[in-house]
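Asks: I'd like to ask some things about the structure below.
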Protein chains: 2
Amino acid sequence: MIEDLKLFSRLAGMTAPTDPAPSAVKSRLLDLMVALGTAHWQDYAATAAQHGLTSVQARLLAQVTAPVPMRGLAEQLGCDASNVTGIVDRLQARGLVVRESDERDRRVKNVVATDEGLATIQRIRAEMQATHTALDALTEDERVTLYALLERLRPGLENRD
Amino acid sequence: MIEDLKLFSRLAGMTAPTDPAPSAVKSRLLDLMVALGTAHWQDYAATAAQHGLTSVQARLLAQVTAPVPMRGLAEQLGCDASNVTGIVDRLQARGLVVRESDERDRRVKNVVATDEGLATIQRIRAEMQATHTALDALTEDERVTLYALLERLRPGLENRD
DNA sequence: CATGGATGCTTAAAGGCATCAAGTATTTGG
DNA sequence: CCAAATACTTGATGCCTTTAAGCATCCATG
């Protein structure tokens, strides 16, 4: 692991001047991000499954901290509005959310989390064992550094319509 | 952004001594990882979709650098073997992979990527625009640091059966 | 050698996710 | 007032996923 760090320091130095070819670090970093992203996602899905939820149901539920119209959920999830209908149907059938008609615009239905819904999503967050374990492997300072680096990655990743 | 780093350095210092309560950094880092993981995953799926592949199909294809038995693919994808049958069926229908009977054990069928399959997966990797853009926001040194940190996260995340 | 138990793969059924096209309310702007 | 836009739902189709069951092949033990 420490060898790895040295290896990449050398690689970094080698391509430093003008960085003409795509960096070897970048390529390997991409692989690593795919691998970790997948593993992390599976942790999320597995934890949600322990509460009888699919990952997309958990993701939707997490968005409902305040009343949200269906349309808004569709945008946040990056999927078709017709899709949200079914997901909310199933969450509602389990008593985790409720649909409320908007008074100002009667076309709109706002989704509201029930107490049980709020409790469930909080529990899922707390129970993501693999992710917690992984983060425990870092010192607090390292977490700060990681946070800062990931924060800088965010702008490039988020503006996908 | 730099303020953020200072903020978290302070937070880190505050919880330093014995770290009794769950760290605030850890909690925010978890949120960030969920957000970035999702965004990154969507980039992956969208890029694969441009080549008419689902994300799982792309993921499977990426595993087939050498002949792999169906069972091996199921383990690498973390899903049931019966699932792999259908995914390989569809990839095979598009001419991206081929099934070959293993000579030593005739129960086994090895999946082999065609030239077109190899080319496709390479193109998808190269075309993950959002991810590449995001990584370009970092300097080479920062990428090295990020790689080293993520590498340390891996053991905790990967040993999920 | 024979056979019973693994092992590798496939099929079928059932449920959820995703997109598209079409349909119903409701609002809004000319 | 009426046409277009908007919010949501429904239905069709296809893929993913799991479970249970089935077939072929291997292997270990008697």
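Residue names in the structure tokens use chain letters A, B, ... in the order shown, residue numbers from 1 in each chain, and ligand numbers from 1 in the order shown.
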Could you pull the residues within 12 Å of DA6 (chain C), counting only C-alpha atoms (C1' of nucleotides), minus those fewer than 4 positions along the same chain, as a PyMOL selection string?
Replies: chain D and resi 25-28
Asks: Using only C-alpha atoms (C1' of nucleotides), which protein or nucleic acid residues come within 9 Å of DT9 (chain D)? Drop anything in the same chain fewer than 5 positions from it, and give the result as a PyMOL selection string.
Replies: (chain A and resi 82+85) or (chain C and resi 23-24)
Asks: For those residues, write N, CA, C and O atoms (P, O5', C5', C4', C3', O3' and C1' of nucleotides) to a file as a PDB file, in the first residue's frame.
Replies:
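selection.pdb, freshly written:
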ATOM      1  N   SER A  82     -43.476   9.009 -15.138  1.00  0.00           N
ATOM      2  CA  SER A  82     -44.369   7.853 -15.058  1.00  0.00           C
ATOM      3  C   SER A  82     -43.753   6.763 -14.184  1.00  0.00           C
ATOM      4  O   SER A  82     -44.459   5.936 -13.610  1.00  0.00           O
ATOM      5  N   THR A  85     -44.530   7.264 -10.357  1.00  0.00           N
ATOM      6  CA  THR A  85     -45.862   6.809  -9.937  1.00  0.00           C
ATOM      7  C   THR A  85     -45.786   5.437  -9.268  1.00  0.00           C
ATOM      8  O   THR A  85     -46.273   5.250  -8.150  1.00  0.00           O
TER       9      THR A  85
ATOM     10  P    DG C  23     -55.195   8.047 -26.759  1.00  0.00           P
ATOM     11  O5'  DG C  23     -55.616   8.412 -25.261  1.00  0.00           O
ATOM     12  C5'  DG C  23     -55.878   7.348 -24.333  1.00  0.00           C
ATOM     13  C4'  DG C  23     -56.146   7.960 -22.976  1.00  0.00           C
ATOM     14  C3'  DG C  23     -57.076   9.179 -23.008  1.00  0.00           C
ATOM     15  O3'  DG C  23     -58.142   9.024 -22.078  1.00  0.00           O
ATOM     16  C1'  DG C  23     -55.090   9.674 -21.827  1.00  0.00           C
ATOM     17  P    DT C  24     -59.299  10.202 -22.035  1.00  0.00           P
ATOM     18  O5'  DT C  24     -59.059  10.816 -20.594  1.00  0.00           O
ATOM     19  C5'  DT C  24     -58.836   9.958 -19.484  1.00  0.00           C
ATOM     20  C4'  DT C  24     -58.594  10.800 -18.254  1.00  0.00           C
ATOM     21  C3'  DT C  24     -59.513  12.004 -18.137  1.00  0.00           C
ATOM     22  O3'  DT C  24     -59.999  12.102 -16.807  1.00  0.00           O
ATOM     23  C1'  DT C  24     -57.260  12.691 -18.012  1.00  0.00           C
TER      24       DT C  24
END
Asks: Up to 7 Å from chain A, what residues of chain C turn up? Count only C-alpha atoms (C1' of nucleotides) and give them as a list of chain:residue names.
Replies: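 Filtering chain C at 7 Å from chain A with only C-alpha atoms (C1' of nucleotides) gives C:DA18, C:DA25, C:DT26.
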Asks: Write out as a PyMOL selection string each polymer residue whose atoms come within 9 Å of region 120-135 of chain A, counting only C-alpha atoms (C1' of nucleotides); drop sequence neighbours fewer than 4 positions from it.
Replies: (chain A and resi 39-40+43-44+46-48+50-51+58-59+61-62+96+115-116+139+143) or (chain B and resi 26+29-30+152-160)
Asks: Limited to N, CA and C atoms, could you put the picked residues into a file as a short mmCIF file (atom, residue, chain, number, x, y, z; two decimals), in the first residue's frame?
Replies:
data_model
loop_
_atom_site.label_atom_id
_atom_site.label_comp_id
_atom_site.auth_asym_id
_atom_site.auth_seq_id
_atom_site.Cartn_x
_atom_site.Cartn_y
_atom_site.Cartn_z
N ALA A 39 -19.11 -1.14 -5.39
CA ALA A 39 -19.13 -1.77 -4.08
C ALA A 39 -20.00 -0.96 -3.12
N HIS A 40 -19.81 0.33 -3.18
CA HIS A 40 -20.55 1.22 -2.29
C HIS A 40 -22.04 1.15 -2.61
N ASP A 43 -23.52 -1.95 -1.21
CA ASP A 43 -23.74 -1.81 0.23
C ASP A 43 -25.07 -1.09 0.46
N TYR A 44 -25.27 -0.03 -0.30
CA TYR A 44 -26.50 0.74 -0.19
C TYR A 44 -27.72 -0.13 -0.49
N ALA A 46 -27.96 -3.42 -0.50
CA ALA A 46 -28.11 -4.53 0.45
C ALA A 46 -28.73 -4.04 1.75
N THR A 47 -28.28 -2.87 2.20
CA THR A 47 -28.83 -2.33 3.44
C THR A 47 -30.30 -1.98 3.28
N ALA A 48 -30.64 -1.38 2.14
CA ALA A 48 -32.04 -1.05 1.88
C ALA A 48 -32.87 -2.33 1.83
N GLN A 50 -32.51 -4.99 3.45
CA GLN A 50 -32.81 -5.50 4.79
C GLN A 50 -34.09 -4.89 5.35
N HIS A 51 -34.49 -3.77 4.79
CA HIS A 51 -35.74 -3.13 5.22
C HIS A 51 -36.83 -3.32 4.16
N ALA A 58 -35.29 3.48 -1.71
CA ALA A 58 -34.56 4.13 -0.63
C ALA A 58 -34.10 5.51 -1.07
N ARG A 59 -33.66 5.59 -2.32
CA ARG A 59 -33.16 6.86 -2.82
C ARG A 59 -34.29 7.88 -2.88
N LEU A 61 -37.06 7.82 -1.10
CA LEU A 61 -37.44 8.13 0.28
C LEU A 61 -36.49 9.15 0.89
N ALA A 62 -35.21 9.03 0.56
CA ALA A 62 -34.22 9.96 1.12
C ALA A 62 -34.45 11.38 0.64
N LEU A 96 -44.89 4.18 4.07
CA LEU A 96 -43.69 4.98 4.31
C LEU A 96 -43.84 6.41 3.79
N ASP A 115 -43.81 9.15 9.61
CA ASP A 115 -42.80 8.98 10.65
C ASP A 115 -42.01 7.71 10.41
N GLU A 116 -42.74 6.66 10.05
CA GLU A 116 -42.06 5.39 9.81
C GLU A 116 -41.10 5.51 8.62
N THR A 139 -7.99 7.86 9.08
CA THR A 139 -7.93 8.76 10.24
C THR A 139 -8.82 9.96 9.95
N ARG A 143 -9.87 11.66 6.35
CA ARG A 143 -11.25 11.87 5.92
C ARG A 143 -11.45 13.31 5.48
N LYS B 26 -17.26 12.25 9.02
CA LYS B 26 -17.62 10.94 8.49
C LYS B 26 -19.03 10.96 7.95
N LEU B 29 -19.08 12.96 4.82
CA LEU B 29 -18.36 12.23 3.80
C LEU B 29 -19.22 11.12 3.22
N LEU B 30 -20.01 10.50 4.09
CA LEU B 30 -20.90 9.44 3.62
C LEU B 30 -21.92 10.00 2.63
N ARG B 152 -7.24 2.70 0.16
CA ARG B 152 -7.36 2.24 1.55
C ARG B 152 -8.81 1.97 1.92
N LEU B 153 -9.73 2.55 1.17
CA LEU B 153 -11.15 2.30 1.43
C LEU B 153 -11.55 0.93 0.92
N ARG B 154 -10.83 0.47 -0.08
CA ARG B 154 -11.26 -0.72 -0.79
C ARG B 154 -11.49 -1.95 0.09
N PRO B 155 -10.54 -2.31 0.97
CA PRO B 155 -10.72 -3.56 1.72
C PRO B 155 -12.06 -3.60 2.46
N GLY B 156 -12.45 -2.49 3.07
CA GLY B 156 -13.71 -2.47 3.81
C GLY B 156 -14.91 -2.65 2.93
N LEU B 157 -14.81 -2.16 1.71
CA LEU B 157 -15.98 -2.19 0.84
C LEU B 157 -16.10 -3.48 0.05
N GLU B 158 -14.98 -4.14 -0.18
CA GLU B 158 -15.05 -5.23 -1.15
C GLU B 158 -15.46 -6.58 -0.59
N ASN B 159 -15.23 -6.81 0.68
CA ASN B 159 -15.49 -8.15 1.20
C ASN B 159 -16.95 -8.37 1.58
N ARG B 160 -17.84 -7.95 0.69
CA ARG B 160 -19.26 -8.25 0.90
C ARG B 160 -19.60 -9.46 0.03
#
Asks: If DSSP is run on the backbone, what residues of region 19-94 of chain A are alpha helix (DSSP H)? A reply as a PDB file with N, CA and C atoms, in the first residue's frame would be ideal.
Replies:
ATOM      1  N   ALA A  24      -1.516   8.007 -16.519  1.00  0.00           N
ATOM      2  CA  ALA A  24      -1.722   6.628 -16.061  1.00  0.00           C
ATOM      3  C   ALA A  24      -2.465   6.627 -14.732  1.00  0.00           C
ATOM      4  N   VAL A  25      -2.200   7.610 -13.917  1.00  0.00           N
ATOM      5  CA  VAL A  25      -2.890   7.699 -12.636  1.00  0.00           C
ATOM      6  C   VAL A  25      -4.379   7.887 -12.874  1.00  0.00           C
ATOM      7  N   LYS A  26      -4.693   8.764 -13.791  1.00  0.00           N
ATOM      8  CA  LYS A  26      -6.097   9.055 -14.066  1.00  0.00           C
ATOM      9  C   LYS A  26      -6.821   7.787 -14.507  1.00  0.00           C
ATOM     10  N   SER A  27      -6.161   7.029 -15.368  1.00  0.00           N
ATOM     11  CA  SER A  27      -6.765   5.804 -15.869  1.00  0.00           C
ATOM     12  C   SER A  27      -7.019   4.814 -14.736  1.00  0.00           C
ATOM     13  N   ARG A  28      -6.032   4.649 -13.893  1.00  0.00           N
ATOM     14  CA  ARG A  28      -6.205   3.688 -12.792  1.00  0.00           C
ATOM     15  C   ARG A  28      -7.185   4.214 -11.765  1.00  0.00           C
ATOM     16  N   LEU A  29      -7.187   5.533 -11.604  1.00  0.00           N
ATOM     17  CA  LEU A  29      -8.131   6.140 -10.679  1.00  0.00           C
ATOM     18  C   LEU A  29      -9.564   5.895 -11.150  1.00  0.00           C
ATOM     19  N   LEU A  30      -9.731   5.978 -12.446  1.00  0.00           N
ATOM     20  CA  LEU A  30     -11.058   5.740 -13.009  1.00  0.00           C
ATOM     21  C   LEU A  30     -11.526   4.324 -12.701  1.00  0.00           C
ATOM     22  N   ASP A  31     -10.646   3.367 -12.920  1.00  0.00           N
ATOM     23  CA  ASP A  31     -10.975   1.974 -12.593  1.00  0.00           C
ATOM     24  C   ASP A  31     -11.372   1.841 -11.128  1.00  0.00           C
ATOM     25  N   LEU A  32     -10.559   2.455 -10.287  1.00  0.00           N
ATOM     26  CA  LEU A  32     -10.796   2.351  -8.851  1.00  0.00           C
ATOM     27  C   LEU A  32     -12.135   2.972  -8.484  1.00  0.00           C
ATOM     28  N   MET A  33     -12.461   4.089  -9.113  1.00  0.00           N
ATOM     29  CA  MET A  33     -13.736   4.732  -8.814  1.00  0.00           C
ATOM     30  C   MET A  33     -14.907   3.865  -9.259  1.00  0.00           C
ATOM     31  N   VAL A  34     -14.767   3.221 -10.396  1.00  0.00           N
ATOM     32  CA  VAL A  34     -15.819   2.312 -10.848  1.00  0.00           C
ATOM     33  C   VAL A  34     -15.991   1.192  -9.828  1.00  0.00           C
ATOM     34  N   ALA A  35     -14.870   0.607  -9.410  1.00  0.00           N
ATOM     35  CA  ALA A  35     -14.927  -0.519  -8.471  1.00  0.00           C
ATOM     36  C   ALA A  35     -15.536  -0.087  -7.143  1.00  0.00           C
ATOM     37  N   LEU A  36     -15.063   1.025  -6.608  1.00  0.00           N
ATOM     38  CA  LEU A  36     -15.574   1.467  -5.314  1.00  0.00           C
ATOM     39  C   LEU A  36     -17.008   1.946  -5.424  1.00  0.00           C
ATOM     40  N   GLY A  37     -17.308   2.632  -6.512  1.00  0.00           N
ATOM     41  CA  GLY A  37     -18.678   3.090  -6.710  1.00  0.00           C
ATOM     42  C   GLY A  37     -19.635   1.918  -6.722  1.00  0.00           C
ATOM     43  N   THR A  38     -19.247   0.856  -7.397  1.00  0.00           N
ATOM     44  CA  THR A  38     -20.081  -0.337  -7.462  1.00  0.00           C
ATOM     45  C   THR A  38     -20.222  -0.985  -6.091  1.00  0.00           C
ATOM     46  N   ALA A  39     -19.110  -1.138  -5.394  1.00  0.00           N
ATOM     47  CA  ALA A  39     -19.133  -1.771  -4.082  1.00  0.00           C
ATOM     48  C   ALA A  39     -19.997  -0.960  -3.117  1.00  0.00           C
ATOM     49  N   HIS A  40     -19.808   0.335  -3.175  1.00  0.00           N
ATOM     50  CA  HIS A  40     -20.549   1.221  -2.295  1.00  0.00           C
ATOM     51  C   HIS A  40     -22.036   1.150  -2.613  1.00  0.00           C
ATOM     52  N   TRP A  41     -22.362   1.113  -3.880  1.00  0.00           N
ATOM     53  CA  TRP A  41     -23.739   1.020  -4.316  1.00  0.00           C
ATOM     54  C   TRP A  41     -24.379  -0.286  -3.841  1.00  0.00           C
ATOM     55  N   GLN A  42     -23.604  -1.352  -3.904  1.00  0.00           N
ATOM     56  CA  GLN A  42     -24.119  -2.645  -3.456  1.00  0.00           C
ATOM     57  C   GLN A  42     -24.374  -2.637  -1.962  1.00  0.00           C
ATOM     58  N   ASP A  43     -23.515  -1.946  -1.206  1.00  0.00           N
ATOM     59  CA  ASP A  43     -23.740  -1.810   0.227  1.00  0.00           C
ATOM     60  C   ASP A  43     -25.068  -1.089   0.458  1.00  0.00           C
ATOM     61  N   TYR A  44     -25.271  -0.033  -0.296  1.00  0.00           N
ATOM     62  CA  TYR A  44     -26.503   0.744  -0.190  1.00  0.00           C
ATOM     63  C   TYR A  44     -27.715  -0.133  -0.485  1.00  0.00           C
ATOM     64  N   ALA A  45     -27.651  -0.849  -1.596  1.00  0.00           N
ATOM     65  CA  ALA A  45     -28.772  -1.693  -2.013  1.00  0.00           C
ATOM     66  C   ALA A  45     -29.030  -2.802  -0.997  1.00  0.00           C
ATOM     67  N   ALA A  46     -27.956  -3.422  -0.500  1.00  0.00           N
ATOM     68  CA  ALA A  46     -28.112  -4.528   0.446  1.00  0.00           C
ATOM     69  C   ALA A  46     -28.727  -4.039   1.753  1.00  0.00           C
ATOM     70  N   THR A  47     -28.285  -2.869   2.199  1.00  0.00           N
ATOM     71  CA  THR A  47     -28.831  -2.331   3.440  1.00  0.00           C
ATOM     72  C   THR A  47     -30.300  -1.977   3.276  1.00  0.00           C
ATOM     73  N   ALA A  48     -30.635  -1.375   2.143  1.00  0.00           N
ATOM     74  CA  ALA A  48     -32.040  -1.051   1.879  1.00  0.00           C
ATOM     75  C   ALA A  48     -32.869  -2.331   1.831  1.00  0.00           C
ATOM     76  N   ALA A  49     -32.290  -3.367   1.255  1.00  0.00           N
ATOM     77  CA  ALA A  49     -33.020  -4.632   1.103  1.00  0.00           C
ATOM     78  C   ALA A  49     -33.365  -5.224   2.457  1.00  0.00           C
ATOM     79  N   SER A  55     -33.140  -0.230  -3.976  1.00  0.00           N
ATOM     80  CA  SER A  55     -32.262   0.923  -3.837  1.00  0.00           C
ATOM     81  C   SER A  55     -32.933   2.193  -4.342  1.00  0.00           C
ATOM     82  N   VAL A  56     -33.726   2.065  -5.370  1.00  0.00           N
ATOM     83  CA  VAL A  56     -34.360   3.266  -5.900  1.00  0.00           C
ATOM     84  C   VAL A  56     -35.464   3.745  -4.954  1.00  0.00           C
ATOM     85  N   GLN A  57     -36.115   2.828  -4.294  1.00  0.00           N
ATOM     86  CA  GLN A  57     -37.106   3.229  -3.298  1.00  0.00           C
ATOM     87  C   GLN A  57     -36.432   3.982  -2.153  1.00  0.00           C
ATOM     88  N   ALA A  58     -35.290   3.477  -1.709  1.00  0.00           N
ATOM     89  CA  ALA A  58     -34.560   4.131  -0.631  1.00  0.00           C
ATOM     90  C   ALA A  58     -34.099   5.510  -1.070  1.00  0.00           C
ATOM     91  N   ARG A  59     -33.662   5.586  -2.317  1.00  0.00           N
ATOM     92  CA  ARG A  59     -33.161   6.863  -2.823  1.00  0.00           C
ATOM     93  C   ARG A  59     -34.295   7.877  -2.879  1.00  0.00           C
ATOM     94  N   LEU A  60     -35.444   7.442  -3.337  1.00  0.00           N
ATOM     95  CA  LEU A  60     -36.588   8.356  -3.395  1.00  0.00           C
ATOM     96  C   LEU A  60     -36.970   8.799  -1.981  1.00  0.00           C
ATOM     97  N   LEU A  61     -37.057   7.822  -1.100  1.00  0.00           N
ATOM     98  CA  LEU A  61     -37.440   8.126   0.276  1.00  0.00           C
ATOM     99  C   LEU A  61     -36.493   9.153   0.894  1.00  0.00           C
ATOM    100  N   ALA A  62     -35.213   9.033   0.562  1.00  0.00           N
ATOM    101  CA  ALA A  62     -34.223   9.955   1.119  1.00  0.00           C
ATOM    102  C   ALA A  62     -34.452  11.384   0.640  1.00  0.00           C
ATOM    103  N   GLN A  63     -35.101  11.538  -0.503  1.00  0.00           N
ATOM    104  CA  GLN A  63     -35.337  12.877  -1.049  1.00  0.00           C
ATOM    105  C   GLN A  63     -36.497  13.570  -0.350  1.00  0.00           C
ATOM    106  N   MET A  70     -44.407  15.008  -7.378  1.00  0.00           N
ATOM    107  CA  MET A  70     -43.924  13.866  -8.147  1.00  0.00           C
ATOM    108  C   MET A  70     -42.893  14.294  -9.182  1.00  0.00           C
ATOM    109  N   ARG A  71     -43.228  15.368  -9.863  1.00  0.00           N
ATOM    110  CA  ARG A  71     -42.353  15.853 -10.921  1.00  0.00           C
ATOM    111  C   ARG A  71     -40.945  16.138 -10.391  1.00  0.00           C
ATOM    112  N   GLY A  72     -40.884  16.758  -9.213  1.00  0.00           N
ATOM    113  CA  GLY A  72     -39.601  17.080  -8.608  1.00  0.00           C
ATOM    114  C   GLY A  72     -38.805  15.819  -8.315  1.00  0.00           C
ATOM    115  N   LEU A  73     -39.491  14.781  -7.849  1.00  0.00           N
ATOM    116  CA  LEU A  73     -38.810  13.523  -7.567  1.00  0.00           C
ATOM    117  C   LEU A  73     -38.243  12.926  -8.848  1.00  0.00           C
ATOM    118  N   ALA A  74     -39.020  13.010  -9.918  1.00  0.00           N
ATOM    119  CA  ALA A  74     -38.557  12.472 -11.190  1.00  0.00           C
ATOM    120  C   ALA A  74     -37.259  13.160 -11.604  1.00  0.00           C
ATOM    121  N   GLU A  75     -37.200  14.468 -11.421  1.00  0.00           N
ATOM    122  CA  GLU A  75     -35.986  15.187 -11.811  1.00  0.00           C
ATOM    123  C   GLU A  75     -34.815  14.808 -10.923  1.00  0.00           C
ATOM    124  N   GLN A  76     -35.074  14.702  -9.620  1.00  0.00           N
ATOM    125  CA  GLN A  76     -33.981  14.371  -8.712  1.00  0.00           C
ATOM    126  C   GLN A  76     -33.457  12.958  -8.941  1.00  0.00           C
ATOM    127  N   LEU A  77     -34.355  12.072  -9.349  1.00  0.00           N
ATOM    128  CA  LEU A  77     -33.921  10.700  -9.599  1.00  0.00           C
ATOM    129  C   LEU A  77     -33.413  10.531 -11.031  1.00  0.00           C
ATOM    130  N   ALA A  81     -41.310  10.695 -15.245  1.00  0.00           N
ATOM    131  CA  ALA A  81     -42.313  10.916 -14.197  1.00  0.00           C
ATOM    132  C   ALA A  81     -43.208   9.692 -14.037  1.00  0.00           C
ATOM    133  N   SER A  82     -43.476   9.009 -15.138  1.00  0.00           N
ATOM    134  CA  SER A  82     -44.369   7.853 -15.058  1.00  0.00           C
ATOM    135  C   SER A  82     -43.753   6.763 -14.184  1.00  0.00           C
ATOM    136  N   ASN A  83     -42.461   6.794 -14.102  1.00  0.00           N
ATOM    137  CA  ASN A  83     -41.755   5.822 -13.291  1.00  0.00           C
ATOM    138  C   ASN A  83     -42.003   6.072 -11.806  1.00  0.00           C
ATOM    139  N   VAL A  84     -42.021   7.336 -11.448  1.00  0.00           N
ATOM    140  CA  VAL A  84     -42.180   7.721 -10.049  1.00  0.00           C
ATOM    141  C   VAL A  84     -43.524   7.237  -9.511  1.00  0.00           C
ATOM    142  N   THR A  85     -44.530   7.264 -10.357  1.00  0.00           N
ATOM    143  CA  THR A  85     -45.862   6.809  -9.937  1.00  0.00           C
ATOM    144  C   THR A  85     -45.786   5.437  -9.268  1.00  0.00           C
ATOM    145  N   GLY A  86     -45.158   4.499  -9.949  1.00  0.00           N
ATOM    146  CA  GLY A  86     -45.089   3.139  -9.429  1.00  0.00           C
ATOM    147  C   GLY A  86     -44.266   3.038  -8.166  1.00  0.00           C
ATOM    148  N   ILE A  87     -43.136   3.753  -8.119  1.00  0.00           N
ATOM    149  CA  ILE A  87     -42.269   3.679  -6.944  1.00  0.00           C
ATOM    150  C   ILE A  87     -42.999   4.228  -5.725  1.00  0.00           C
ATOM    151  N   VAL A  88     -43.660   5.371  -5.905  1.00  0.00           N
ATOM    152  CA  VAL A  88     -44.410   5.954  -4.795  1.00  0.00           C
ATOM    153  C   VAL A  88     -45.573   5.045  -4.417  1.00  0.00           C
ATOM    154  N   ASP A  89     -46.219   4.449  -5.395  1.00  0.00           N
ATOM    155  CA  ASP A  89     -47.290   3.480  -5.108  1.00  0.00           C
ATOM    156  C   ASP A  89     -46.818   2.442  -4.098  1.00  0.00           C
ATOM    157  N   ARG A  90     -45.652   1.871  -4.378  1.00  0.00           N
ATOM    158  CA  ARG A  90     -45.180   0.782  -3.522  1.00  0.00           C
ATOM    159  C   ARG A  90     -44.756   1.280  -2.151  1.00  0.00           C
ATOM    160  N   LEU A  91     -44.133   2.469  -2.116  1.00  0.00           N
ATOM    161  CA  LEU A  91     -43.767   3.040  -0.816  1.00  0.00           C
ATOM    162  C   LEU A  91     -45.006   3.378  -0.011  1.00  0.00           C
ATOM    163  N   GLN A  92     -46.033   3.867  -0.699  1.00  0.00           N
ATOM    164  CA  GLN A  92     -47.273   4.223  -0.017  1.00  0.00           C
ATOM    165  C   GLN A  92     -47.961   2.972   0.516  1.00  0.00           C
ATOM    166  N   ALA A  93     -47.907   1.896  -0.265  1.00  0.00           N
ATOM    167  CA  ALA A  93     -48.527   0.641   0.164  1.00  0.00           C
ATOM    168  C   ALA A  93     -47.894   0.144   1.460  1.00  0.00           C
TER     169      ALA A  93
END
Asks: Residues near DA4 (chain D), anyone? I mean within 12 Å using only C-alpha atoms (C1' of nucleotides), not counting same-chain ones fewer than 5 positions away, as a list in words.
Replies: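 Surrounding residues, per the criterion: DT27, DT28, DG29 and DG30 of chain C.
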Asks: C1' of DG16 (chain C) and C1' of DC16 (chain D) are how many Å apart?
Replies: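 Computing it gives 8.6 Å between the two atoms.
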Asks: Could you write out as number ranges by chain the residues of chain D within 12 Å of chain A, counting only C-alpha atoms (C1' of nucleotides)?
Replies: D: 6-11, 17
Asks: Would you save the residues of that selection, restricted to C-alpha atoms (C1' of nucleotides), as a short mmCIF file (atom, residue, chain, number, x, y, z; two decimals), in the first residue's frame?
Replies:
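Just written: out-v8.cif:
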data_model
loop_
_atom_site.label_atom_id
_atom_site.label_comp_id
_atom_site.auth_asym_id
_atom_site.auth_seq_id
_atom_site.Cartn_x
_atom_site.Cartn_y
_atom_site.Cartn_z
"C1'" DT D 6 -48.29 21.08 -17.29
"C1'" DA D 7 -48.87 17.23 -13.65
"C1'" DC D 8 -49.98 12.86 -13.09
"C1'" DT D 9 -51.58 8.16 -14.41
"C1'" DT D 10 -52.06 4.01 -17.27
"C1'" DG D 11 -50.63 0.37 -20.40
"C1'" DT D 17 -33.24 -9.89 -10.32
#
Asks: Between CA of Thr114 (chain B) and C1' of DC23 (chain D), what is the distance, to one decimal in Å?
Replies: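 Value for the CA of Thr114 (chain B)-C1' of DC23 (chain D) distance: 28.6 Å.
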Asks: As an MDAnalysis selection string, please: all residues of chain B that backbone DSSP puts in strand (DSSP E).
Replies: chainID B and resid 68:69 97:101 109:113
Asks: Please measure the separation of CA of Asn110 (chain A) and CA of Val98 (chain A), giving the value in Å to one decimal.
Replies: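 Between CA of Asn110 (chain A) and CA of Val98 (chain A) the gap is 8.2 Å.
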